[in-house]
Amino acid sequence: MRITFDELVKVFAEKLEKRGVPREDALLAGQILAQNSLDGIYSHGVNRFPRLVSYIDKGYIDPKAKAEKVASFGAYEQWDGHLALGMVSAKIAMDRAIEIAKQYGIGLVAIRNTNHWMRGGYYGWQAADQGMIGICWTNTQPNMPAWGAKDRRIGNNPFVMAVPRKNGEHIVLDSAMSQFSYGKIEMTKFEGKQLPVPGGFDEEGNMTTDPGAIEKTWRVLPVGYWKGSGMSILLDLVAAILAGGNTVTDIGKMTSDEYGLSQVLIAIDPERFNAPGFTEEAINRVIEDVTSSVPATEGKAVRYPGQNSLATRRKNLEEGIPVLDNIWEQISAL
């Protein structure tokens, strides 16, 4: 089935209000979740909603809490999320980073004691829409083995970079430190498909493209093997240190679920020093060069980060957002 963006926002907001979320926050959360689905990231939009509600029910998310600033030094601020809705707190934190960047040229907000922000790329688009370079990342529960290990001790710690374009077709990278996010693995299994490249290990220790086999072991593959493993460890440490919050190790000792995270959101004004037009001209040169590459597969275009999201967004605005029947039944029954 396909559902309109406005209908998704309405349903999400109504369900969250019934769980005690103030209407303003419920609408904002609903808009973020619907936007993620609109852009084709269903694993961190409509498909994730039942789990989000379960975290409110379990007490991991305080529906009435608000993130607040606890310390500041120039362009750097430290915030406490107070276990409020993670996507609302992340949106507020990036808004603040953008505000600081307009004053200093750069703004950094590190937030502790927060919750899953759903799709990290949302906050990259948010910064780029304001003409800012956006950089942000989060730590997670321990859900990935370090390179050379079998048991999960590090996180897939998503990392986002965004560069603005005046036409709104921003360059946005949203990458977990695992080859595929858990949501992507689950979605591929739902669809009865195989991953395009190996995403983890099966019970015999062999790399596999079978999402079901990976789910049995949850031994996911770090992107770039040892490189992704190292990046994961450093992203976790920097986020926890800047936020004064939990590391992946700390989160893993609290519960089998994921809450109390540390995140960093940075905005940079690219026009602060450069001549007018420099940023746009540099972006266009690179994009034109990259997309004119000879494709490895005939008839398949070479794309830049964020291009697929734009194409999916346009299609879903016109045709409606696809929703799995069983997911919609779960949401309707909440």
# chains A, B, ... in the order shown; residues from 1 in each chain; ligands from 1
$ residues_around --residues "His82 (chain A)" --least-positions-apart "3" --cutoff "12 Å" --atoms "only C-alpha atoms" --output "ChimeraX atom specification"
/A:59-70,79,85-86,88-89,111-115,245,259-262
$ select_by_dssp --residues "region 22-257 of chain A" --states "helix (DSSP H, G or I)" --output "number ranges by chain"
A: 23-38, 42-44, 46-58, 86-104, 121-129, 182-190, 211-217, 226-243, 248-254
$ residues_around --residues "region 151-157 of chain A" --least-positions-apart "4" --cutoff "7 Å" --atoms "only C-alpha atoms" --output "MDAnalysis selection string"
chainID A and resid 137:146 176:178 232:233 235:236 248:249
$ write_last_selection --atoms "N, CA and C atoms" --output "mmCIF file, in the first residue's frame"
data_model
loop_
_atom_site.group_PDB
_atom_site.id
_atom_site.type_symbol
_atom_site.label_atom_id
_atom_site.label_comp_id
_atom_site.auth_asym_id
_atom_site.auth_seq_id
_atom_site.Cartn_x
_atom_site.Cartn_y
_atom_site.Cartn_z
ATOM 1 N N TRP A 137 27.419 12.653 14.055
ATOM 2 C CA TRP A 137 27.491 11.208 14.268
ATOM 3 C C TRP A 137 26.952 10.864 15.643
ATOM 4 N N THR A 138 26.681 9.604 15.822
ATOM 5 C CA THR A 138 26.138 9.091 17.081
ATOM 6 C C THR A 138 26.819 7.786 17.428
ATOM 7 N N ASN A 139 26.867 7.477 18.716
ATOM 8 C CA ASN A 139 27.244 6.104 19.063
ATOM 9 C C ASN A 139 25.979 5.276 19.240
ATOM 10 N N THR A 140 26.141 3.999 19.504
ATOM 11 C CA THR A 140 25.020 3.066 19.568
ATOM 12 C C THR A 140 25.264 2.063 20.686
ATOM 13 N N GLN A 141 24.380 1.105 20.812
ATOM 14 C CA GLN A 141 24.658 -0.043 21.662
ATOM 15 C C GLN A 141 25.739 -0.889 20.978
ATOM 16 N N PRO A 142 26.438 -1.755 21.693
ATOM 17 C CA PRO A 142 27.416 -2.629 21.023
ATOM 18 C C PRO A 142 26.702 -3.621 20.110
ATOM 19 N N ASN A 143 26.824 -3.409 18.800
ATOM 20 C CA ASN A 143 26.083 -4.231 17.847
ATOM 21 C C ASN A 143 26.948 -4.716 16.688
ATOM 22 N N MET A 144 28.275 -4.602 16.830
ATOM 23 C CA MET A 144 29.173 -5.027 15.767
ATOM 24 C C MET A 144 30.481 -5.523 16.380
ATOM 25 N N PRO A 145 31.007 -6.644 15.886
ATOM 26 C CA PRO A 145 32.308 -7.093 16.390
ATOM 27 C C PRO A 145 33.435 -6.204 15.861
ATOM 28 N N ALA A 146 34.413 -5.930 16.702
ATOM 29 C CA ALA A 146 35.624 -5.284 16.212
ATOM 30 C C ALA A 146 36.288 -6.216 15.198
ATOM 31 N N ALA A 176 26.618 4.144 8.102
ATOM 32 C CA ALA A 176 26.962 3.406 9.314
ATOM 33 C C ALA A 176 28.367 2.846 9.156
ATOM 34 N N MET A 177 28.984 2.476 10.249
ATOM 35 C CA MET A 177 30.307 1.861 10.193
ATOM 36 C C MET A 177 30.223 0.360 9.942
ATOM 37 N N SER A 178 29.014 -0.160 9.829
ATOM 38 C CA SER A 178 28.831 -1.525 9.324
ATOM 39 C C SER A 178 28.508 -1.432 7.835
ATOM 40 N N SER A 232 34.794 3.270 13.967
ATOM 41 C CA SER A 232 33.733 3.094 14.958
ATOM 42 C C SER A 232 34.237 3.416 16.364
ATOM 43 N N ILE A 233 35.393 2.891 16.706
ATOM 44 C CA ILE A 233 35.954 3.099 18.049
ATOM 45 C C ILE A 233 36.235 4.577 18.290
ATOM 46 N N LEU A 235 34.925 7.275 16.637
ATOM 47 C CA LEU A 235 33.697 8.064 16.656
ATOM 48 C C LEU A 235 33.009 7.945 18.018
ATOM 49 N N ASP A 236 32.992 6.761 18.566
ATOM 50 C CA ASP A 236 32.397 6.538 19.883
ATOM 51 C C ASP A 236 33.115 7.353 20.956
ATOM 52 N N VAL A 248 29.974 3.371 23.962
ATOM 53 C CA VAL A 248 29.310 2.131 23.568
ATOM 54 C C VAL A 248 29.467 1.084 24.665
ATOM 55 N N THR A 249 30.643 1.021 25.268
ATOM 56 C CA THR A 249 30.881 0.077 26.361
ATOM 57 C C THR A 249 29.907 0.316 27.502
#
$ residues_around --residues "Met1 (chain A)" --least-positions-apart "5" --cutoff "12 Å" --atoms "only C-alpha atoms" --output "ChimeraX atom specification"
/A:316,319-329
$ write_last_selection --atoms "all heavy atoms" --output "short mmCIF file (atom, residue, chain, number, x, y, z; two decimals), in the first residue's frame"
data_model
loop_
_atom_site.label_atom_id
_atom_site.label_comp_id
_atom_site.auth_asym_id
_atom_site.auth_seq_id
_atom_site.Cartn_x
_atom_site.Cartn_y
_atom_site.Cartn_z
N ASN A 316 7.95 9.31 -4.30
CA ASN A 316 7.02 9.05 -3.20
C ASN A 316 6.07 10.22 -2.97
O ASN A 316 4.95 10.03 -2.49
CB ASN A 316 7.78 8.72 -1.93
CG ASN A 316 8.38 7.32 -1.96
OD1 ASN A 316 8.04 6.51 -2.83
ND2 ASN A 316 9.27 7.01 -1.03
N GLU A 319 3.51 9.46 -5.81
CA GLU A 319 2.75 8.21 -5.78
C GLU A 319 2.31 7.80 -4.36
O GLU A 319 1.48 6.90 -4.22
CB GLU A 319 3.60 7.09 -6.38
CG GLU A 319 3.99 7.33 -7.83
CD GLU A 319 4.87 6.23 -8.38
OE1 GLU A 319 5.09 5.21 -7.67
OE2 GLU A 319 5.35 6.37 -9.53
N GLY A 320 2.88 8.42 -3.34
CA GLY A 320 2.63 7.98 -1.98
C GLY A 320 3.79 7.15 -1.46
O GLY A 320 4.57 6.59 -2.23
N ILE A 321 3.90 7.06 -0.15
CA ILE A 321 5.01 6.34 0.50
C ILE A 321 4.63 4.87 0.66
O ILE A 321 3.59 4.55 1.24
CB ILE A 321 5.32 6.96 1.88
CG1 ILE A 321 5.76 8.42 1.70
CG2 ILE A 321 6.37 6.14 2.61
CD1 ILE A 321 5.81 9.20 2.99
N PRO A 322 5.45 3.94 0.14
CA PRO A 322 5.12 2.52 0.28
C PRO A 322 5.27 2.05 1.73
O PRO A 322 6.26 2.36 2.38
CB PRO A 322 6.12 1.83 -0.65
CG PRO A 322 7.26 2.77 -0.77
CD PRO A 322 6.69 4.15 -0.64
N VAL A 323 4.28 1.32 2.21
CA VAL A 323 4.28 0.79 3.57
C VAL A 323 3.89 -0.68 3.52
O VAL A 323 2.90 -1.04 2.88
CB VAL A 323 3.28 1.56 4.48
CG1 VAL A 323 3.31 1.00 5.89
CG2 VAL A 323 3.60 3.06 4.49
N LEU A 324 4.67 -1.52 4.17
CA LEU A 324 4.35 -2.95 4.23
C LEU A 324 3.05 -3.16 5.01
O LEU A 324 2.83 -2.53 6.06
CB LEU A 324 5.49 -3.72 4.90
CG LEU A 324 6.83 -3.72 4.17
CD1 LEU A 324 7.91 -4.34 5.03
CD2 LEU A 324 6.72 -4.47 2.84
N ASP A 325 2.19 -4.05 4.52
CA ASP A 325 0.90 -4.28 5.16
C ASP A 325 1.04 -4.66 6.62
O ASP A 325 0.31 -4.16 7.49
CB ASP A 325 0.13 -5.38 4.41
CG ASP A 325 -0.34 -4.93 3.03
OD1 ASP A 325 -0.31 -3.71 2.76
OD2 ASP A 325 -0.73 -5.79 2.22
N ASN A 326 2.01 -5.55 6.93
CA ASN A 326 2.13 -6.01 8.31
C ASN A 326 2.63 -4.90 9.23
O ASN A 326 2.24 -4.82 10.41
CB ASN A 326 3.05 -7.23 8.41
CG ASN A 326 4.48 -6.91 8.01
OD1 ASN A 326 4.72 -6.16 7.08
ND2 ASN A 326 5.44 -7.50 8.71
N ILE A 327 3.45 -3.99 8.70
CA ILE A 327 3.91 -2.85 9.50
C ILE A 327 2.76 -1.90 9.78
O ILE A 327 2.58 -1.42 10.91
CB ILE A 327 5.05 -2.10 8.77
CG1 ILE A 327 6.29 -2.99 8.63
CG2 ILE A 327 5.39 -0.80 9.49
CD1 ILE A 327 6.97 -3.32 9.94
N TRP A 328 1.94 -1.64 8.76
CA TRP A 328 0.81 -0.74 8.95
C TRP A 328 -0.20 -1.32 9.95
O TRP A 328 -0.80 -0.59 10.74
CB TRP A 328 0.14 -0.44 7.62
CG TRP A 328 -0.85 0.70 7.70
CD1 TRP A 328 -2.19 0.62 7.52
CD2 TRP A 328 -0.55 2.06 8.01
NE1 TRP A 328 -2.76 1.87 7.68
CE2 TRP A 328 -1.77 2.77 7.98
CE3 TRP A 328 0.64 2.75 8.28
CZ2 TRP A 328 -1.85 4.14 8.25
CZ3 TRP A 328 0.57 4.12 8.54
CH2 TRP A 328 -0.67 4.79 8.51
N GLU A 329 -0.36 -2.63 9.92
CA GLU A 329 -1.26 -3.28 10.89
C GLU A 329 -0.74 -3.10 12.31
O GLU A 329 -1.51 -2.85 13.24
CB GLU A 329 -1.38 -4.77 10.54
CG GLU A 329 -2.20 -5.05 9.29
CD GLU A 329 -2.12 -6.50 8.85
OE1 GLU A 329 -1.48 -7.31 9.57
OE2 GLU A 329 -2.66 -6.83 7.78
#
$ residues_around --residues "region 208-225 of chain A" --least-positions-apart "3" --cutoff "6 Å" --atoms "only C-alpha atoms" --output "list in words"
Met144, Met177, Ser178, Gln179, Ile185, Lys189, Gln194, Leu195, Val197, Pro198, Gly199, Gly200, Phe201, Asp202, Gly228 and Ser229 of chain A
$ residues_around --residues "region 4-9 of chain A" --least-positions-apart "6" --cutoff "10 Å" --atoms "only C-alpha atoms" --output "list in words"
Ala26, Leu27, Leu28, Ala29, Gly30, Gln31, Ile32, Leu33, Ala34, Gln35, Ser37, Leu38, Gly45, Val46, Asn316, Leu317, Glu318, Glu319, Gly320, Ile321, Pro322 and Val323 of chain A
$ write_last_selection --atoms "C-alpha atoms" --output "CSV table (one decimal), in the first residue's frame"
chain,number,residue,atom,x,y,z
A,26,ALA,CA,4.8,14.7,18.5
A,27,LEU,CA,4.3,16.6,15.2
A,28,LEU,CA,8.0,17.3,14.8
A,29,ALA,CA,8.8,13.6,15.5
A,30,GLY,CA,6.1,12.6,13.0
A,31,GLN,CA,7.5,14.9,10.3
A,32,ILE,CA,11.0,13.5,10.8
A,33,LEU,CA,9.8,9.9,10.6
A,34,ALA,CA,7.7,10.6,7.6
A,35,GLN,CA,10.5,12.5,5.9
A,37,SER,CA,10.2,7.3,4.8
A,38,LEU,CA,9.6,9.8,2.0
A,45,GLY,CA,10.9,5.8,9.4
A,46,VAL,CA,7.7,3.9,9.2
A,316,ASN,CA,7.0,9.1,-3.2
A,317,LEU,CA,5.6,12.6,-3.2
A,318,GLU,CA,3.8,11.8,-6.4
A,319,GLU,CA,2.8,8.2,-5.8
A,320,GLY,CA,2.6,8.0,-2.0
A,321,ILE,CA,5.0,6.3,0.5
A,322,PRO,CA,5.1,2.5,0.3
A,323,VAL,CA,4.3,0.8,3.6
$ closest_atom_pairs --of "region 227-267 of chain A" --to "region 159-169 of chain A" --cutoff "10 Å" --atoms "only C-alpha atoms" --output "Markdown table"
| residue | atom | partner | partner_atom | distance |
| --- | --- | --- | --- | --- |
| A:Met231 | CA | A:Phe159 | CA | 9.6 |
| A:Ser232 | CA | A:Phe159 | CA | 9.2 |
| A:Leu235 | CA | A:Phe159 | CA | 8.2 |
| A:Val264 | CA | A:Phe159 | CA | 9.8 |
| A:Leu265 | CA | A:Val160 | CA | 9.3 |
| A:Ile266 | CA | A:Met161 | CA | 9.5 |
| A:Ala267 | CA | A:Ala162 | CA | 9.5 |
$ closest_residue --among "A:Pro22, A:Gly230, A:Gly244, A:Gly205" --to "Lys150 (chain A)" --atoms "only C-alpha atoms"
A:Gly205
$ residues_around --residues "Val109 (chain A)" --least-positions-apart "2" --cutoff "10 Å" --atoms "only C-alpha atoms" --output "ChimeraX atom specification"
/A:69,72,75-79,90,92-98,100,107,111,136,242-243,263-267
$ atom_distance --atom1 "CA of Tyr55 (chain A)" --atom2 "CA of Ile331 (chain A)"
14.2 Å
$ select_by_dssp --residues "region 4-212 of chain A" --states "strand (DSSP E or B)" --output "ChimeraX atom specification"
/A:68-73,76-80,106-114,133-138,144-145,152-154,159-163,171-175,178,200-201,207-208
$ closest_residue --among "A:Pro295, A:Gly134, A:Pro50, A:Gly252" --to "Ala333 (chain A)" --atoms "only C-alpha atoms"
A:Pro50
$ closest_residue --among "A:Gly20, A:Gly121, A:Gly105, A:Pro270" --to "Asp57 (chain A)" --atoms "only C-alpha atoms"
A:Gly20
